file data-v4.cif (mmCIF, C-alpha atoms and all ligand atoms)
data_model
#
loop_
_atom_site.group_PDB
_atom_site.id
_atom_site.type_symbol
_atom_site.label_atom_id
_atom_site.label_comp_id
_atom_site.auth_asym_id
_atom_site.auth_seq_id
_atom_site.Cartn_x
_atom_site.Cartn_y
_atom_site.Cartn_z
ATOM 1 C CA MET Z 12 -29.203 32.346 -19.115
ATOM 2 C CA VAL Z 13 -26.576 29.753 -18.322
ATOM 3 C CA SER Z 14 -26.929 28.486 -14.779
ATOM 4 C CA LYS Z 15 -23.616 28.048 -13.055
ATOM 5 C CA GLU Z 16 -22.794 24.890 -11.158
ATOM 6 C CA PRO Z 17 -22.080 25.494 -7.466
ATOM 7 C CA ARG Z 18 -18.388 26.141 -7.069
ATOM 8 C CA LYS Z 19 -18.157 25.456 -3.369
ATOM 9 C CA ALA Z 20 -16.653 22.558 -1.510
ATOM 10 C CA TYR Z 21 -17.291 21.498 2.070
ATOM 11 C CA ILE Z 22 -16.287 18.973 4.610
ATOM 12 C CA GLU Z 23 -19.632 17.667 5.735
ATOM 13 C CA ILE Z 24 -20.074 15.962 9.081
ATOM 14 C CA SER Z 25 -23.395 14.177 9.512
ATOM 15 C CA LEU Z 26 -24.367 13.939 13.166
ATOM 16 C CA LEU Z 27 -25.814 10.495 13.725
ATOM 17 C CA THR Z 28 -26.752 10.895 17.367
ATOM 18 C CA GLU Z 29 -30.344 12.097 17.784
ATOM 19 C CA ASP Z 30 -30.602 15.549 19.283
ATOM 20 C CA PRO Z 31 -26.819 15.964 19.708
ATOM 21 C CA ARG Z 32 -26.061 18.195 22.662
ATOM 22 C CA LEU Z 33 -23.588 20.645 21.242
ATOM 23 C CA GLN Z 34 -24.450 23.657 23.414
ATOM 24 C CA SER Z 35 -21.113 23.841 25.164
ATOM 25 C CA THR Z 36 -19.063 23.165 22.025
ATOM 26 C CA ARG Z 37 -21.173 25.209 19.610
ATOM 27 C CA LYS Z 38 -19.200 28.405 20.114
ATOM 28 C CA ALA Z 39 -15.875 26.692 19.580
ATOM 29 C CA LEU Z 40 -17.100 24.998 16.387
ATOM 30 C CA GLU Z 41 -18.613 28.179 14.967
ATOM 31 C CA GLY Z 42 -15.448 30.041 15.862
ATOM 32 C CA ASP Z 43 -13.534 27.565 13.693
ATOM 33 C CA GLY Z 44 -15.840 28.300 10.755
ATOM 34 C CA TRP Z 45 -18.288 25.384 10.929
ATOM 35 C CA LEU Z 46 -21.859 26.053 9.769
ATOM 36 C CA LEU Z 47 -24.132 24.117 12.107
ATOM 37 C CA SER Z 48 -27.620 22.710 11.622
ATOM 38 C CA ASP Z 49 -29.503 20.126 13.709
ATOM 39 C CA ASP Z 50 -27.948 17.119 12.035
ATOM 40 C CA LYS Z 51 -25.053 18.465 9.955
ATOM 41 C CA MET Z 52 -21.912 20.523 10.217
ATOM 42 C CA LEU Z 53 -20.359 22.087 7.108
ATOM 43 C CA LEU Z 54 -16.867 23.509 6.804
ATOM 44 C CA PRO Z 55 -16.368 25.516 3.581
ATOM 45 C CA LEU Z 56 -13.103 24.676 1.811
ATOM 46 C CA PRO Z 57 -10.919 26.958 -0.327
ATOM 47 C CA VAL Z 58 -11.809 25.585 -3.774
ATOM 48 C CA LYS Z 59 -9.288 27.725 -5.653
ATOM 49 C CA ASP Z 60 -6.448 26.433 -3.501
ATOM 50 C CA MET Z 61 -7.697 22.879 -3.891
ATOM 51 C CA VAL Z 62 -7.668 23.171 -7.690
ATOM 52 C CA ARG Z 63 -4.214 24.737 -7.674
ATOM 53 C CA GLY Z 64 -2.939 22.040 -5.353
ATOM 54 C CA LYS Z 65 -1.903 24.441 -2.573
ATOM 55 C CA GLN Z 66 -1.168 21.975 0.173
ATOM 56 C CA GLU Z 67 -0.361 24.596 2.783
ATOM 57 C CA SER Z 68 -3.891 26.015 2.849
ATOM 58 C CA MET Z 69 -5.152 22.587 3.887
ATOM 59 C CA VAL Z 70 -2.981 22.446 7.015
ATOM 60 C CA PRO Z 71 -5.291 24.617 9.168
ATOM 61 C CA ILE Z 72 -8.247 22.650 7.816
ATOM 62 C CA ARG Z 73 -6.773 19.398 9.075
ATOM 63 C CA LYS Z 74 -6.368 21.019 12.497
ATOM 64 C CA ILE Z 75 -9.959 22.317 12.476
ATOM 65 C CA LEU Z 76 -11.230 18.891 11.464
ATOM 66 C CA ASN Z 77 -9.278 17.163 14.194
ATOM 67 C CA ARG Z 78 -10.533 19.642 16.781
ATOM 68 C CA ALA Z 79 -14.141 19.106 15.672
ATOM 69 C CA LYS Z 80 -13.715 15.336 15.882
ATOM 70 C CA HIS Z 81 -12.300 15.675 19.364
ATOM 71 C CA LEU Z 82 -15.184 17.921 20.486
ATOM 72 C CA LEU Z 83 -17.756 15.504 19.054
ATOM 73 C CA GLU Z 84 -16.081 12.530 20.663
ATOM 74 C CA VAL Z 85 -15.974 14.073 24.130
ATOM 75 C CA SER Z 86 -19.670 14.963 23.689
ATOM 76 C CA ASN Z 87 -20.407 11.317 22.787
ATOM 77 C CA VAL Z 88 -21.801 12.296 19.381
ATOM 78 C CA ARG Z 89 -21.560 9.674 16.617
ATOM 79 C CA TYR Z 90 -20.703 11.119 13.201
ATOM 80 C CA GLU Z 91 -19.715 10.444 9.609
ATOM 81 C CA ILE Z 92 -17.343 12.593 7.567
ATOM 82 C CA ASP Z 93 -17.623 13.230 3.835
ATOM 83 C CA LEU Z 94 -16.228 15.634 1.288
ATOM 84 C CA VAL Z 95 -18.781 17.529 -0.811
ATOM 85 C CA THR Z 96 -17.235 18.996 -3.933
ATOM 86 C CA PRO Z 97 -18.311 20.827 -7.102
ATOM 87 C CA PRO Z 98 -18.186 18.927 -10.420
ATOM 88 C CA HIS Z 99 -14.744 20.102 -11.579
ATOM 89 C CA ILE Z 100 -13.232 18.630 -8.430
ATOM 90 C CA ARG Z 101 -15.679 15.750 -8.223
ATOM 91 C CA HIS Z 102 -14.467 14.678 -11.657
ATOM 92 C CA ARG Z 103 -10.971 14.255 -10.264
ATOM 93 C CA ARG Z 104 -12.329 12.289 -7.338
ATOM 94 C CA SER Z 105 -14.112 9.836 -9.638
ATOM 95 C CA ASN Z 106 -10.645 8.910 -10.877
ATOM 96 C CA PRO Z 107 -9.201 7.044 -7.931
ATOM 97 C CA SER Z 108 -6.056 8.368 -6.308
ATOM 98 C CA ARG Z 109 -2.838 6.839 -7.574
ATOM 99 C CA VAL Z 110 0.150 5.952 -5.508
ATOM 100 C CA LYS Z 111 3.492 4.720 -6.735
ATOM 101 C CA VAL Z 112 5.259 2.009 -4.811
ATOM 102 C CA LYS Z 113 8.538 0.218 -5.354
ATOM 103 C CA VAL Z 114 8.889 -3.344 -4.159
ATOM 104 C CA ILE Z 115 11.890 -5.644 -4.413
ATOM 105 C CA LEU Z 116 12.125 -9.394 -4.757
ATOM 106 C CA VAL Z 117 15.155 -10.789 -2.932
ATOM 107 C CA GLY Z 118 16.498 -14.236 -2.222
ATOM 108 C CA ASN Z 119 19.040 -16.750 -3.493
ATOM 109 C CA ALA Z 120 19.435 -17.617 -7.172
ATOM 110 C CA VAL Z 121 16.935 -20.096 -8.651
ATOM 111 C CA VAL Z 122 14.302 -19.711 -5.897
ATOM 112 C CA GLY Z 123 11.850 -18.348 -8.480
ATOM 113 C CA LYS Z 124 11.830 -14.551 -8.106
ATOM 114 C CA THR Z 125 11.684 -13.860 -11.842
ATOM 115 C CA SER Z 126 9.041 -16.546 -12.249
ATOM 116 C CA LEU Z 127 6.884 -14.984 -9.513
ATOM 117 C CA ALA Z 128 7.114 -11.525 -11.107
ATOM 118 C CA ARG Z 129 6.367 -13.011 -14.544
ATOM 119 C CA ARG Z 130 3.360 -14.916 -13.228
ATOM 120 C CA PHE Z 131 1.996 -11.840 -11.487
ATOM 121 C CA VAL Z 132 2.546 -9.327 -14.284
ATOM 122 C CA LEU Z 133 1.976 -11.446 -17.395
ATOM 123 C CA ASP Z 134 0.286 -14.549 -15.962
ATOM 124 C CA GLN Z 135 2.921 -16.655 -17.717
ATOM 125 C CA TYR Z 136 5.353 -19.325 -16.604
ATOM 126 C CA ASP Z 137 8.472 -20.888 -18.148
ATOM 127 C CA ASP Z 138 10.300 -24.017 -16.921
ATOM 128 C CA ARG Z 139 13.630 -22.855 -18.331
ATOM 129 C CA TYR Z 140 16.039 -21.069 -16.035
ATOM 130 C CA VAL Z 141 17.701 -17.885 -17.219
ATOM 131 C CA GLY Z 142 19.457 -16.174 -14.310
ATOM 132 C CA THR Z 143 18.669 -12.488 -13.951
ATOM 133 C CA VAL Z 144 21.523 -10.074 -14.596
ATOM 134 C CA GLY Z 145 21.364 -7.022 -12.323
ATOM 135 C CA ALA Z 146 17.663 -6.426 -11.883
ATOM 136 C CA LYS Z 147 14.645 -6.570 -14.110
ATOM 137 C CA VAL Z 148 11.988 -3.954 -13.443
ATOM 138 C CA THR Z 149 8.375 -4.567 -14.384
ATOM 139 C CA LYS Z 150 5.285 -2.575 -13.566
ATOM 140 C CA LYS Z 151 1.767 -3.475 -12.698
ATOM 141 C CA GLU Z 152 -1.260 -1.409 -11.765
ATOM 142 C CA ILE Z 153 -3.104 -2.835 -8.779
ATOM 143 C CA PRO Z 154 -6.612 -1.581 -8.047
ATOM 144 C CA LEU Z 155 -7.275 -1.696 -4.331
ATOM 145 C CA SER Z 156 -10.116 -0.625 -2.187
ATOM 146 C CA LEU Z 157 -9.330 0.536 1.307
ATOM 147 C CA SER Z 158 -11.175 -0.975 4.238
ATOM 148 C CA ASP Z 159 -13.947 1.657 3.937
ATOM 149 C CA GLY Z 160 -14.374 1.056 0.174
ATOM 150 C CA THR Z 161 -12.357 4.080 -1.023
ATOM 151 C CA PRO Z 162 -10.741 3.099 -4.364
ATOM 152 C CA LEU Z 163 -7.024 3.453 -4.892
ATOM 153 C CA LEU Z 164 -4.713 2.587 -7.795
ATOM 154 C CA VAL Z 165 -1.283 1.349 -6.859
ATOM 155 C CA ASP Z 166 1.368 1.704 -9.576
ATOM 156 C CA MET Z 167 3.762 -0.989 -8.475
ATOM 157 C CA SER Z 168 7.344 -1.140 -9.779
ATOM 158 C CA ILE Z 169 8.664 -4.614 -9.160
ATOM 159 C CA TRP Z 170 12.437 -4.873 -8.951
ATOM 160 C CA ASP Z 171 13.384 -8.487 -9.483
ATOM 161 C CA VAL Z 172 16.958 -8.578 -8.202
ATOM 162 C CA MET Z 173 19.517 -11.210 -9.227
ATOM 163 C CA GLY Z 174 20.251 -13.739 -6.505
ATOM 164 C CA SER Z 175 23.705 -14.706 -7.663
ATOM 165 C CA ARG Z 176 25.660 -11.587 -6.839
ATOM 166 C CA SER Z 177 27.156 -10.714 -3.470
ATOM 167 C CA MET Z 178 25.026 -8.674 -1.120
ATOM 168 C CA VAL Z 179 27.790 -6.088 -0.749
ATOM 169 C CA SER Z 180 27.785 -5.269 -4.454
ATOM 170 C CA LEU Z 181 23.981 -5.271 -4.562
ATOM 171 C CA CYS Z 182 23.842 -2.842 -1.643
ATOM 172 C CA ARG Z 183 26.098 -0.474 -3.555
ATOM 173 C CA GLY Z 184 23.811 -0.502 -6.582
ATOM 174 C CA PRO Z 185 20.457 1.230 -7.104
ATOM 175 C CA TYR Z 186 18.373 -1.894 -6.598
ATOM 176 C CA PHE Z 187 17.185 -1.430 -3.026
ATOM 177 C CA VAL Z 188 17.120 2.383 -2.979
ATOM 178 C CA GLY Z 189 13.645 3.727 -2.217
ATOM 179 C CA ALA Z 190 12.070 0.277 -1.850
ATOM 180 C CA GLN Z 191 8.865 0.478 0.173
ATOM 181 C CA GLY Z 192 8.301 -3.231 0.532
ATOM 182 C CA ILE Z 193 10.209 -6.508 0.270
ATOM 183 C CA LEU Z 194 9.175 -9.934 -0.951
ATOM 184 C CA ALA Z 195 11.813 -12.241 0.557
ATOM 185 C CA VAL Z 196 11.656 -15.481 -1.420
ATOM 186 C CA CYS Z 197 12.985 -18.917 -0.533
ATOM 187 C CA ASP Z 198 12.540 -22.255 -2.314
ATOM 188 C CA LEU Z 199 10.500 -24.785 -0.341
ATOM 189 C CA THR Z 200 12.765 -27.576 -1.670
ATOM 190 C CA ASN Z 201 16.024 -25.896 -0.640
ATOM 191 C CA GLU Z 202 16.825 -25.540 3.051
ATOM 192 C CA ASN Z 203 19.728 -23.188 2.483
ATOM 193 C CA SER Z 204 17.526 -20.697 0.672
ATOM 194 C CA LEU Z 205 15.635 -19.979 3.926
ATOM 195 C CA LYS Z 206 18.840 -19.658 5.937
ATOM 196 C CA SER Z 207 20.114 -17.054 3.459
ATOM 197 C CA LEU Z 208 17.016 -14.888 3.696
ATOM 198 C CA GLU Z 209 18.135 -13.204 6.888
ATOM 199 C CA GLY Z 210 21.151 -11.746 5.073
ATOM 200 C CA TRP Z 211 18.989 -10.641 2.145
ATOM 201 C CA ILE Z 212 16.511 -8.869 4.396
ATOM 202 C CA HIS Z 213 19.216 -7.151 6.453
ATOM 203 C CA GLY Z 214 20.944 -6.020 3.253
ATOM 204 C CA ALA Z 215 17.686 -4.539 1.934
ATOM 205 C CA PHE Z 216 16.940 -2.884 5.313
ATOM 206 C CA HIS Z 217 20.435 -1.410 5.308
ATOM 207 C CA VAL Z 218 19.628 0.551 2.131
ATOM 208 C CA ALA Z 219 15.848 1.002 2.197
ATOM 209 C CA GLY Z 220 15.181 1.208 5.947
ATOM 210 C CA LYS Z 221 12.816 -1.058 7.855
ATOM 211 C CA VAL Z 222 10.051 -1.338 5.296
ATOM 212 C CA PRO Z 223 7.352 -4.056 5.352
ATOM 213 C CA VAL Z 224 8.616 -7.549 4.459
ATOM 214 C CA HIS Z 225 6.605 -10.607 3.422
ATOM 215 C CA VAL Z 226 8.272 -14.030 3.314
ATOM 216 C CA LEU Z 227 7.376 -16.398 0.472
ATOM 217 C CA ALA Z 228 8.289 -20.073 0.227
ATOM 218 C CA ASN Z 229 7.974 -20.771 -3.487
ATOM 219 C CA LYS Z 230 7.617 -23.990 -5.538
ATOM 220 C CA LEU Z 231 4.708 -25.276 -3.491
ATOM 221 C CA ASP Z 232 3.859 -27.558 -6.424
ATOM 222 C CA LEU Z 233 6.989 -29.533 -5.413
ATOM 223 C CA GLU Z 234 5.690 -30.054 -1.882
ATOM 224 C CA ASP Z 235 6.704 -33.752 -2.004
ATOM 225 C CA GLU Z 236 10.352 -32.634 -2.161
ATOM 226 C CA LYS Z 237 10.044 -30.050 0.572
ATOM 227 C CA ALA Z 238 13.130 -29.393 2.699
ATOM 228 C CA ILE Z 239 11.722 -26.555 4.800
ATOM 229 C CA ALA Z 240 9.106 -26.993 7.520
ATOM 230 C CA LYS Z 241 6.317 -24.466 7.112
ATOM 231 C CA SER Z 242 6.454 -23.746 10.851
ATOM 232 C CA ASP Z 243 10.167 -22.835 10.572
ATOM 233 C CA ALA Z 244 9.505 -20.447 7.690
ATOM 234 C CA ALA Z 245 6.578 -18.891 9.552
ATOM 235 C CA ARG Z 246 8.691 -18.478 12.701
ATOM 236 C CA PHE Z 247 11.482 -16.930 10.666
ATOM 237 C CA GLY Z 248 9.010 -14.423 9.176
ATOM 238 C CA LYS Z 249 7.663 -13.482 12.591
ATOM 239 C CA GLY Z 250 11.137 -12.333 13.612
ATOM 240 C CA PHE Z 251 10.826 -9.585 10.972
ATOM 241 C CA GLY Z 252 7.121 -8.910 11.539
ATOM 242 C CA ALA Z 253 6.653 -10.578 8.163
ATOM 243 C CA PRO Z 254 3.583 -12.555 7.124
ATOM 244 C CA PHE Z 255 4.501 -15.881 5.519
ATOM 245 C CA LEU Z 256 2.902 -17.378 2.418
ATOM 246 C CA LEU Z 257 3.442 -20.537 0.348
ATOM 247 C CA THR Z 258 3.426 -19.797 -3.383
ATOM 248 C CA SER Z 259 3.872 -21.513 -6.705
ATOM 249 C CA ALA Z 260 4.880 -19.485 -9.731
ATOM 250 C CA LYS Z 261 4.243 -22.648 -11.744
ATOM 251 C CA SER Z 262 0.617 -23.188 -10.735
ATOM 252 C CA GLY Z 263 0.013 -19.527 -9.859
ATOM 253 C CA LEU Z 264 -1.147 -20.395 -6.357
ATOM 254 C CA ASN Z 265 -1.040 -17.403 -3.978
ATOM 255 C CA VAL Z 266 1.089 -15.319 -6.363
ATOM 256 C CA GLU Z 267 -1.403 -12.503 -6.826
ATOM 257 C CA ARG Z 268 -2.173 -12.602 -3.123
ATOM 258 C CA ALA Z 269 1.514 -12.202 -2.251
ATOM 259 C CA PHE Z 270 1.892 -8.976 -4.251
ATOM 260 C CA VAL Z 271 -1.524 -7.549 -3.372
ATOM 261 C CA ASP Z 272 -1.086 -8.224 0.370
ATOM 262 C CA LEU Z 273 2.219 -6.371 0.306
ATOM 263 C CA ALA Z 274 0.712 -3.455 -1.678
ATOM 264 C CA ARG Z 275 -2.133 -3.260 0.816
ATOM 265 C CA ARG Z 276 0.253 -3.197 3.737
ATOM 266 C CA ILE Z 277 2.399 -0.474 2.149
ATOM 267 C CA VAL Z 278 -0.496 1.838 1.306
ATOM 268 C CA GLY Z 279 -2.275 0.966 4.547
ATOM 269 C CA ASN Z 280 0.627 2.583 6.347
ATOM 270 C CA ARG Z 281 0.228 5.689 4.238
ATOM 271 C CA PHE Z 282 -3.561 6.109 4.258
ATOM 272 C CA GLU Z 283 -4.644 5.056 7.665
ATOM 273 C CA ARG Z 284 -7.351 7.627 7.922
ATOM 274 C CA ARG Z 285 -10.085 8.024 5.376
ATOM 275 C CA GLU Z 286 -10.480 11.760 5.783
ATOM 276 C CA GLU Z 287 -6.764 12.213 5.099
ATOM 277 C CA LEU Z 288 -7.350 10.547 1.765
ATOM 278 C CA LEU Z 289 -10.469 12.592 1.057
ATOM 279 C CA ILE Z 290 -8.579 15.812 1.648
ATOM 280 C CA ARG Z 291 -5.684 14.589 -0.465
ATOM 281 C CA GLU Z 292 -8.048 13.680 -3.289
ATOM 282 C CA GLY Z 293 -9.518 17.141 -3.223
ATOM 283 C CA ILE Z 294 -6.154 18.805 -3.609
ATOM 284 C CA SER Z 295 -4.109 16.444 -5.748
HETATM 285 N N1 LIG E 1 8.371 -26.357 -9.897
HETATM 286 C C1 LIG E 1 8.549 -25.037 -9.842
HETATM 287 N N2 LIG E 1 9.601 -24.460 -10.442
HETATM 288 C C2 LIG E 1 9.726 -23.114 -10.358
HETATM 289 C C3 LIG E 1 8.802 -22.304 -9.657
HETATM 290 N N3 LIG E 1 9.214 -21.027 -9.751
HETATM 291 C C4 LIG E 1 10.327 -21.034 -10.486
HETATM 292 N N4 LIG E 1 10.648 -22.285 -10.862
HETATM 293 C C5 LIG E 1 11.780 -22.693 -11.698
HETATM 294 O O1 LIG E 1 12.964 -22.436 -10.987
HETATM 295 C C6 LIG E 1 13.978 -21.961 -11.859
HETATM 296 C C7 LIG E 1 14.477 -20.634 -11.376
HETATM 297 O O2 LIG E 1 13.472 -19.657 -11.490
HETATM 298 P P1 LIG E 1 13.773 -18.093 -11.624
HETATM 299 O O3 LIG E 1 12.469 -17.436 -11.496
HETATM 300 O O4 LIG E 1 14.575 -17.791 -12.821
HETATM 301 O O5 LIG E 1 14.681 -17.867 -10.316
HETATM 302 P P2 LIG E 1 15.317 -16.517 -9.767
HETATM 303 O O6 LIG E 1 15.081 -16.503 -8.305
HETATM 304 O O7 LIG E 1 14.824 -15.364 -10.548
HETATM 305 O O8 LIG E 1 16.875 -16.716 -10.040
HETATM 306 P P3 LIG E 1 18.005 -15.588 -10.237
HETATM 307 O O9 LIG E 1 17.547 -14.635 -11.303
HETATM 308 O O10 LIG E 1 19.249 -16.312 -10.637
HETATM 309 O O11 LIG E 1 18.192 -14.897 -8.922
HETATM 310 C C8 LIG E 1 13.357 -21.927 -13.250
HETATM 311 O O12 LIG E 1 13.693 -23.106 -13.934
HETATM 312 C C9 LIG E 1 11.878 -21.883 -12.968
HETATM 313 O O13 LIG E 1 11.124 -22.445 -14.013
HETATM 314 C C10 LIG E 1 7.689 -22.955 -9.035
HETATM 315 O O14 LIG E 1 6.835 -22.352 -8.385
HETATM 316 N N5 LIG E 1 7.613 -24.314 -9.138
HETATM 317 MG MG MG E 2 15.753 -14.061 -11.726
#

call {"tool": "encode", "arguments": {"input": "data-v4.cif", "output": "structure tokens"}}
result
Amino acid sequence: MVSKEPRKAYIEISLLTEDPRLQSTRKALEGDGWLLSDDKMLLPLPVKDMVRGKQESMVPIRKILNRAKHLLEVSNVRYEIDLVTPPHIRHRRSNPSRVKVKVILVGNAVVGKTSLARRFVLDQYDDRYVGTVGAKVTKKEIPLSLSDGTPLLVDMSIWDVMGSRSMVSLCRGPYFVGAQGILAVCDLTNENSLKSLEGWIHGAFHVAGKVPVHVLANKLDLEDEKAIAKSDAARFGKGFGAPFLLTSAKSGLNVERAFVDLARRIVGNRFERREELLIREGIS
């Protein structure tokens, strides 16, 4: 006889407080469908809907979960939440969730946007300058782990936008549409390139909305020729809630960090709560 694998899925809440006093809340929890034992609570999930990707059947489950969390918190019970799934769903979970993000590189011509993208994606660098025409789009997969260790793959599309065209014409084009993050790049050896960044950021905001921005001062390897005080660049960034980083596409210093920090900030906004991600993984 072939033994069948269990085909049930649960949200499992482990109760970490010894002898949790749930008397008053027990009825409410059971009424919501929780199965209670001394140190665990299980909420059966609709596996068929999860496999078919029926988002709407998860809406009441989110509400039930939030209510249970509230009841546990007011009862001062410490807990941990996990998703217990059968193998056909577990298999999907072992492949980390993927999210697509679009980021744009903006800033004056010759500050090093193309060089930064090239260094990050291909780990290459070229001293010759070939101005970008329109925008060049490259892609890179960034494996991240969220603060609680949950793995996530970010498929990043990097739109490296030419710096030599007027902002008005760039705003009319497709470059900034749907951008979820901005790397605003200036050249540490060129004072004007920092002054221009305000216009670049406002132009991008105008099309993409107020998405996260990080300010980069590139060409750190030319620090001896610097024309921008780091404190000025940092202060400028603060005005946009933007972290500031010194980079060098030539040496590679801080380049990976610049892209990964931005990716982390973008997805951080989207997956603030671990259980949201767990539920999403089960149904996507
Ligand atoms: N020393 C030094 N030179 C750099 C660095 N990054 C870029 N460059 C050089 O600066 C020049 C311009 O770089 P690009 O990356 O093409 O500049 P861009 O911002 O893409 O310019 P546009 O496409 O015209 O907007 C090239 O000659 C690069 O080799 C760097 O970190 N250090
Ligand atoms: Mg370029």

call {"tool": "residues_near_ligand", "arguments": {"input": "data-v4.cif", "ligand": "ligand MG 2 (chain E)", "cutoff": "6 Å", "atoms": "all atoms listed in the file", "output": "list in words"}}
result
Lys124, Thr125, Gly142, Thr143 and Met173 of chain Z

call {"tool": "closest_residue", "arguments": {"input": "data-v4.cif", "among": "Z:Ile24, Z:Leu116, Z:Val141, Z:Val196", "to": "Z:Leu94", "atoms": "all atoms listed in the file"}}
result
Z:Ile24

call {"tool": "residues_near_ligand", "arguments": {"input": "data-v4.cif", "ligand": "ligand LIG 1 (chain E)", "cutoff": "7 Å", "atoms": "only C-alpha atoms and all ligand atoms", "output": "compact mmCIF listing (two decimals) with C-alpha atoms, in the frame of the given file"}}
result
# COMPACT_ATOMS: atom_id res chain seq x y z
CA GLY Z 118 16.50 -14.24 -2.22
CA ASN Z 119 19.04 -16.75 -3.49
CA ALA Z 120 19.43 -17.62 -7.17
CA VAL Z 121 16.93 -20.10 -8.65
CA VAL Z 122 14.30 -19.71 -5.90
CA GLY Z 123 11.85 -18.35 -8.48
CA LYS Z 124 11.83 -14.55 -8.11
CA THR Z 125 11.68 -13.86 -11.84
CA SER Z 126 9.04 -16.55 -12.25
CA LEU Z 127 6.88 -14.98 -9.51
CA ASP Z 137 8.47 -20.89 -18.15
CA ASP Z 138 10.30 -24.02 -16.92
CA ARG Z 139 13.63 -22.86 -18.33
CA TYR Z 140 16.04 -21.07 -16.04
CA VAL Z 141 17.70 -17.89 -17.22
CA GLY Z 142 19.46 -16.17 -14.31
CA THR Z 143 18.67 -12.49 -13.95
CA VAL Z 144 21.52 -10.07 -14.60
CA VAL Z 172 16.96 -8.58 -8.20
CA MET Z 173 19.52 -11.21 -9.23
CA GLY Z 174 20.25 -13.74 -6.50
CA SER Z 175 23.70 -14.71 -7.66
CA ASN Z 229 7.97 -20.77 -3.49
CA LYS Z 230 7.62 -23.99 -5.54
CA LEU Z 231 4.71 -25.28 -3.49
CA ASP Z 232 3.86 -27.56 -6.42
CA LEU Z 233 6.99 -29.53 -5.41
CA THR Z 258 3.43 -19.80 -3.38
CA SER Z 259 3.87 -21.51 -6.70
CA ALA Z 260 4.88 -19.48 -9.73
CA LYS Z 261 4.24 -22.65 -11.74
CA SER Z 262 0.62 -23.19 -10.74

call {"tool": "atom_distance", "arguments": {"input": "data-v4.cif", "atom1": "atom CA of Z:Cys197", "atom2": "atom CA of Z:Leu155"}}
result
26.9 Å

call {"tool": "residues_around", "arguments": {"input": "data-v4.cif", "residues": "stretch 216-221 of chain Z", "least_positions_apart": "5", "cutoff": "9 Å", "atoms": "only C-alpha atoms", "output": "JSON, numbers by chain"}}
result
{"Z": [182, 183, 187, 188, 189, 190, 191, 192, 211]}

call {"tool": "residues_around", "arguments": {"input": "data-v4.cif", "residues": "Z:Lys51", "least_positions_apart": "3", "cutoff": "12 Å", "atoms": "all atoms listed in the file", "output": "PyMOL selection string"}}
result
chain Z and resi 21-31+33+45-48+54+88-93

call {"tool": "atom_distance", "arguments": {"input": "data-v4.cif", "atom1": "atom CA of Z:Lys151", "atom2": "atom CA of Z:Ile169"}}
result
7.8 Å

call {"tool": "closest_residue", "arguments": {"input": "data-v4.cif", "among": "Z:Ser86, Z:Pro71, Z:Lys19, Z:Ala244", "to": "Z:Gln34", "atoms": "all atoms listed in the file"}}
result
Z:Ser86

call {"tool": "closest_residue", "arguments": {"input": "data-v4.cif", "among": "Z:Leu82, Z:Ile277, Z:Val266, Z:Leu163", "to": "Z:Val132", "atoms": "all atoms listed in the file"}}
result
Z:Val266

call {"tool": "closest_residue", "arguments": {"input": "data-v4.cif", "among": "Z:Val271, Z:Val278, Z:Leu256, Z:Leu199", "to": "Z:Ala240", "atoms": "all atoms listed in the file"}}
result
Z:Leu199

call {"tool": "atom_distance", "arguments": {"input": "data-v4.cif", "atom1": "atom CA of Z:Ala195", "atom2": "atom CA of Z:Lys249"}}
result
12.8 Å

call {"tool": "residues_around", "arguments": {"input": "data-v4.cif", "residues": "Z:Gly42", "least_positions_apart": "6", "cutoff": "12 Å", "atoms": "only C-alpha atoms", "output": "ChimeraX atom specification"}}
result
/Z:36,54,75,78-79

call {"tool": "resolve_selection", "arguments": {"input": "data-v4.cif", "expression": "the PyMOL selection byres (((chain Z and resi 223) around 9) and not hetatm)", "output": "list in words"}}
result
Gln191, Gly192, Ile193, Leu194, Lys221, Val222, Val224, His225, Phe251, Gly252, Ala253, Leu273, Arg276 and Ile277 of chain Z

call {"tool": "closest_residue", "arguments": {"input": "data-v4.cif", "among": "Z:Ala128, Z:Leu40, Z:Leu133, Z:Asp166", "to": "Z:Val148", "atoms": "all atoms listed in the file"}}
result
Z:Ala128
